[in-house]
Amino acid sequence: MNAQNATHAAKEHGRGDSLTATWQAGLPEGERILFQVALDINQDRQFDQIMLVLTGRRLLEIRNGKQTRDWELQSAFALRSSVFSGLGSLKLLNNQSLVAEWAFTAAKASDVSRIMVLANSIAQDQSCEELIPTMDIDGPIAAPAAAKSLLRLTRFTKGRMGLALLGVALTLAATAAGLIWPYLTMPLIDNVLIPWQNLDTELTVARYYQDLAPYLFGLIGSALLAWLLGWARTYVMSLLSEQVSGDLRNETYKHLQKLSLDFYGAKRTGDLISRISSDSDRICSFLSQHLLDFVTDVLMIVLTSIILFQLDPWLALVALLPFPVIAWMTHLVRVRLRHGFARAGHAWESMVSVLTDAIPGVRVVKAFAQERREVVRFENANKHVLDSNVRINKLWSFFGPTVTALTEVGLLLIWAYGAWLVAHQTITVGKLGVFITYISRFYIRLDSMSRMLADTQRAAAATFRVFEILDRTPSVMDSQNPIDPGRLRGELELRGIRFRYDNREVISGIDLKIRAGELIGLVGSSGSGKSTLVNLVCRFYDVTEGAILVDGHDIRQFPIESYRSNVGIVLQEPYLFFGTIAENIAYGRPDASPKDIIAAAKAANAHGFISRLPDGYDSIVGERGQGLSGGERQRISIARAVLTDPRLLILDEATSAVDNETEREIQAALDNLVKGRTTIAIAHRLSTLRHADRIVVMDKGVVVEIGKHDDLLARDGAYAKLHQAQLAVLQ
C-alpha cells in the first residue's frame, strides 16, 4: 500500500485522511505502513482518538497527531486482545510482560483482531508481504498469500497420505499418457502419410494400411489409457478433497465450541456461519475441481516444454516467447485478486450478518415497523458485495482476453518460423505438425491455468478466514494435570477472588463460603458484579486473582467439560433449540429415557401444558422457542436442568420476565429443583429470596452484606434500601 492509496482509503472511510500519508512520508526508506486502526476510547473509558499504525517493522502509537511511542516487533513481542461486555482490551507483551495496553469498544474488535494477526506474524518473522491488508468499505482486510494459505490444508491429509500419493501418481501418469498420442503423429505424418501422397509408383492399399495400423492402434491405446487414468485420478482426488473439506468443517466447528465466551463477544453470528458454510464449501469446490485441473495443467506445461526442447530447442524458444509476458501479468493480477477476494469475502460476511440479525429478530423489526429500514440495510450490505465483485470482474475481463490474445501470438510465431524452417528443409512437416499440436496444448493449458487464478485466490481467502478461527486459543483452558471431579458434593468457596476486564476491576476481593446444599440469594444494583460472579463460578471466565474452590479443589484443576456437567443453569431468557420438546428437555442428557424426561417435566410443572399440546412431547418447538409463552419456555428450561441433576445450580433472574401467576408456577418448579443442591439465585424480585438460607448483597464488585431476609431488613442497610426501592416501584 503506497502513501497515496493509503491516504485515499483513510479519507474515504473516516480514518484520518492525512495521517497515513504524513507518517508514511516520515518513515525510513524501505519501511511502509501495512495497517492502521483508530481506537475510540482511552484507558479511562473516555471517548478519544488513538491511532495504532503497523509497519513491516514496528508498531507506532499516535495521539493527537503526534507519535508518542513505538516498538520494534521482535519474536518476544505478542499482541493479545479480549472483548467482554462491549469493551475490549489490546495488550502488547514482551516475554509475557505487559509493555503497553489500549482500550476499545466492540465496534473496533474486527480491526483490532486484524492488526493483532498481522503484528504477531511480523514478530514471528513471517513475511508481512503475504498478509498485506487492503482498506475497503468495511475496513482493512488481511489478504493471505494463496500458496501459504492453501498449504495449511495439508494438515488435514494426515492419515490419508496413501490416498494422496495415489492421487499424485495417477495425475502424473494420466498427464504423461495424454502426451503420447501427439508424439505418435510425427512418424505417422513423415513415414506414412507424406510418402504415400508423394509416391509415383503404385503402392497397394494393403501395404498402406499395414504401415498405418501400428500408429492407429498406438493412438487409440494411448487415448484409452489417458481416459482410464484420468477417471481414476478424478475419483481419487475428489474423494480426498471431500474428506479434507469435511474434516475442515468438523475441526472448525469443534474448535468454535472450545473457544471462550470472550471470543464470541467480538464476532457476529453471520460472520462465523459464513466461514463454516460458504468458505468451507468454496474450499471443497476448489479442492475437488480446480486444484486437480491446476496440477494437471502445471504437469502438462512442464512435460510439454521438455518435449518441445528435445524436438527443437530454437523452435521451442520462439514458441515460448509470449510465456514470460503472461507470467508477469499473472503475477500482477494475482496480487490484486488476492486483495479483491479478501474484500469480497468480508462484504459477504457482513451481508450474512445482516440476515442473522434481522431474521431471528423479526418480531422486534415488525413491532417497531422497521421493515423498510432492514430492507435498506440489507441492500447496502448487498451493494458492498456487488461493488467488491464488480472490481474483480473489471480486472478479470481485461486479463482473460489478453492471455488468450498472447497465446494466439505464440501459435502465430510457431507457424511463421516453422514454415520458414520447412521451406529450408531444416525440419520435416511431421515435426512441425507435432510442434503445433504440443504448443497448442501448452497454451490451452496455460490459458486454463491463468483462468483458474481467480478460483485459487478465492479459495485462499476462504482458507485464511477459516484458519483465523482455528488459530485462536481459548482463554479458559484445561489444566495440564486435571483432576476428575466425579460427582461433586457442592461445597463452594470463593477465596479472595478478583476479576479484571481490561483496566476495570469488576470483582474486587470476594471471600465467601457456601455449604453443600445451601441456597444463596445474590442481589445488588445493576452493574454490581452479580452476573460476572456466577460466570466465574461456571468457569466461563477465569479469575484474575484468588481461587474458586469446589469440594476443596480449585475448579481450574477440573476438566472443563466434567466440571460443567455438575453445574446447571436457568437463565432469565431461556434458549430453546429447533426440535421437539422432548429433545430440548434432554439436551443435557441425550440418552435420557422418556420416563426420565416426563419425570423432569413434572418436577418443573411443565407436564400439564405439554400434555395439552397436539403432539405432546413430540411437539416441534420453533427456533428460539417460537410458539411457546415465556413461562412455558422457562419451565422447559427448568426441566432441562432437573434432568441433568446438577450439584451446583445457577438461577439467573429466572422469574423476572413473567407475570405473577406464571411466577408462582415457576417458583414452585424452582422449589423442586433446588432441593439438595447448592444454589446461587440472582433475583430481581427480592420477595423470591425470602426463604433463601443466606442473601449476599453486592455493590461495585464487593460483598457488602450477608444474612437472611428478615435480618437484613432489620439492619436497615444496603439490602433494606433495595427492598424499599422495589416496594416504592410496586406501589
# chains A, B, ... in the order shown; residues from 1 in each chain; ligands from 1
>>> select_by_dssp(residues="stretch 380-624 of chain A", states="strand (DSSP E)", output="NGL selection string")
:A and (492-501 or 504-514 or 519-524 or 545-550 or 553-554 or 567-570 or 579-580 or 620-621)
>>> write_last_selection(atoms="C-alpha atoms", output="PDB file, in the first residue's frame")
ATOM      1  CA  LEU A 492     -18.255 -23.841  47.234  1.00  0.00           C
ATOM      2  CA  GLU A 493     -15.627 -21.380  48.419  1.00  0.00           C
ATOM      3  CA  LEU A 494     -14.617 -18.056  46.866  1.00  0.00           C
ATOM      4  CA  ARG A 495     -11.164 -17.272  48.187  1.00  0.00           C
ATOM      5  CA  GLY A 496     -10.069 -13.663  47.623  1.00  0.00           C
ATOM      6  CA  ILE A 497     -11.268 -13.651  44.026  1.00  0.00           C
ATOM      7  CA  ARG A 498     -10.724 -10.690  41.746  1.00  0.00           C
ATOM      8  CA  PHE A 499     -11.641 -10.292  38.133  1.00  0.00           C
ATOM      9  CA  ARG A 500     -10.434  -7.567  35.829  1.00  0.00           C
ATOM     10  CA  TYR A 501     -11.781  -6.690  32.491  1.00  0.00           C
ATOM     11  CA  ARG A 504     -11.607  -2.131  35.122  1.00  0.00           C
ATOM     12  CA  GLU A 505     -11.863  -4.377  38.157  1.00  0.00           C
ATOM     13  CA  VAL A 506     -15.329  -5.939  38.145  1.00  0.00           C
ATOM     14  CA  ILE A 507     -14.887  -8.236  41.151  1.00  0.00           C
ATOM     15  CA  SER A 508     -12.749  -6.819  43.957  1.00  0.00           C
ATOM     16  CA  GLY A 509     -11.614  -9.371  46.507  1.00  0.00           C
ATOM     17  CA  ILE A 510     -14.598 -11.532  47.486  1.00  0.00           C
ATOM     18  CA  ASP A 511     -14.338 -14.183  50.201  1.00  0.00           C
ATOM     19  CA  LEU A 512     -17.388 -16.399  50.596  1.00  0.00           C
ATOM     20  CA  LYS A 513     -18.075 -19.961  51.736  1.00  0.00           C
ATOM     21  CA  ILE A 514     -21.221 -21.755  50.634  1.00  0.00           C
ATOM     22  CA  LEU A 519     -29.477 -21.741  48.790  1.00  0.00           C
ATOM     23  CA  ILE A 520     -27.761 -18.385  48.365  1.00  0.00           C
ATOM     24  CA  GLY A 521     -29.576 -15.335  47.055  1.00  0.00           C
ATOM     25  CA  LEU A 522     -27.430 -12.864  45.135  1.00  0.00           C
ATOM     26  CA  VAL A 523     -28.747  -9.309  44.914  1.00  0.00           C
ATOM     27  CA  GLY A 524     -27.446  -5.864  44.084  1.00  0.00           C
ATOM     28  CA  GLU A 545      -6.592 -13.353  41.287  1.00  0.00           C
ATOM     29  CA  GLY A 546      -7.615 -15.732  44.027  1.00  0.00           C
ATOM     30  CA  ALA A 547      -9.363 -19.055  43.507  1.00  0.00           C
ATOM     31  CA  ILE A 548     -12.794 -20.647  43.371  1.00  0.00           C
ATOM     32  CA  LEU A 549     -12.856 -23.992  45.162  1.00  0.00           C
ATOM     33  CA  VAL A 550     -15.465 -26.720  44.956  1.00  0.00           C
ATOM     34  CA  HIS A 553     -10.300 -28.208  44.831  1.00  0.00           C
ATOM     35  CA  ASP A 554      -9.598 -25.235  42.587  1.00  0.00           C
ATOM     36  CA  VAL A 567     -23.421 -27.285  37.002  1.00  0.00           C
ATOM     37  CA  GLY A 568     -26.967 -26.426  35.935  1.00  0.00           C
ATOM     38  CA  ILE A 569     -28.105 -23.003  34.731  1.00  0.00           C
ATOM     39  CA  VAL A 570     -31.570 -21.499  34.362  1.00  0.00           C
ATOM     40  CA  GLY A 579     -36.718 -29.638  17.611  1.00  0.00           C
ATOM     41  CA  THR A 580     -39.183 -31.451  19.816  1.00  0.00           C
ATOM     42  CA  ILE A 620     -41.966 -29.147  17.497  1.00  0.00           C
ATOM     43  CA  VAL A 621     -40.506 -26.100  19.197  1.00  0.00           C
TER      44      VAL A 621
END
>>> residues_around(residues="A:Val112", least_positions_apart="4", cutoff="7 Å", atoms="only C-alpha atoms", output="ChimeraX atom specification")
/A:37,108,116
>>> closest_residue(among="A:Asp297, A:Gly630, A:Pro594, A:Ser611", to="A:Leu571", atoms="only C-alpha atoms")
A:Gly630
>>> closest_residue(among="A:Ser245, A:Thr171, A:Gln667, A:Asn393", to="A:Arg155", atoms="only C-alpha atoms")
A:Ser245
>>> closest_residue(among="A:Ala103, A:Leu60, A:Ile585, A:Cys284", to="A:Asp48", atoms="only C-alpha atoms")
A:Ala103
>>> residues_around(residues="stretch 405-415 of chain A", least_positions_apart="2", cutoff="7 Å", atoms="only C-alpha atoms", output="number ranges by chain")
A: 318-322, 401-403, 417-419, 440, 443
>>> atom_distance(atom1="atom CA of A:Phe378", atom2="atom CA of A:Val352")
9.0 Å
>>> residues_around(residues="stretch 174-189 of chain A", least_positions_apart="6", cutoff="10 Å", atoms="only C-alpha atoms", output="ChimeraX atom specification")
/A:168,195-196,211-212,214-216,218-233,295-301,303-304,307,428-438,441
>>> residues_around(residues="stretch 469-485 of chain A", least_positions_apart="2", cutoff="8 Å", atoms="only C-alpha atoms", output="JSON, numbers by chain")
{"A": [251, 252, 255, 256, 258, 259, 260, 262, 263, 465, 466, 467, 487, 488, 539, 540, 541, 542, 556, 557, 558, 559, 560, 562, 563]}
>>> closest_residue(among="A:Ile326, A:Leu628, A:Val365, A:Ala344", to="A:Thr404", atoms="only C-alpha atoms")
A:Ile326
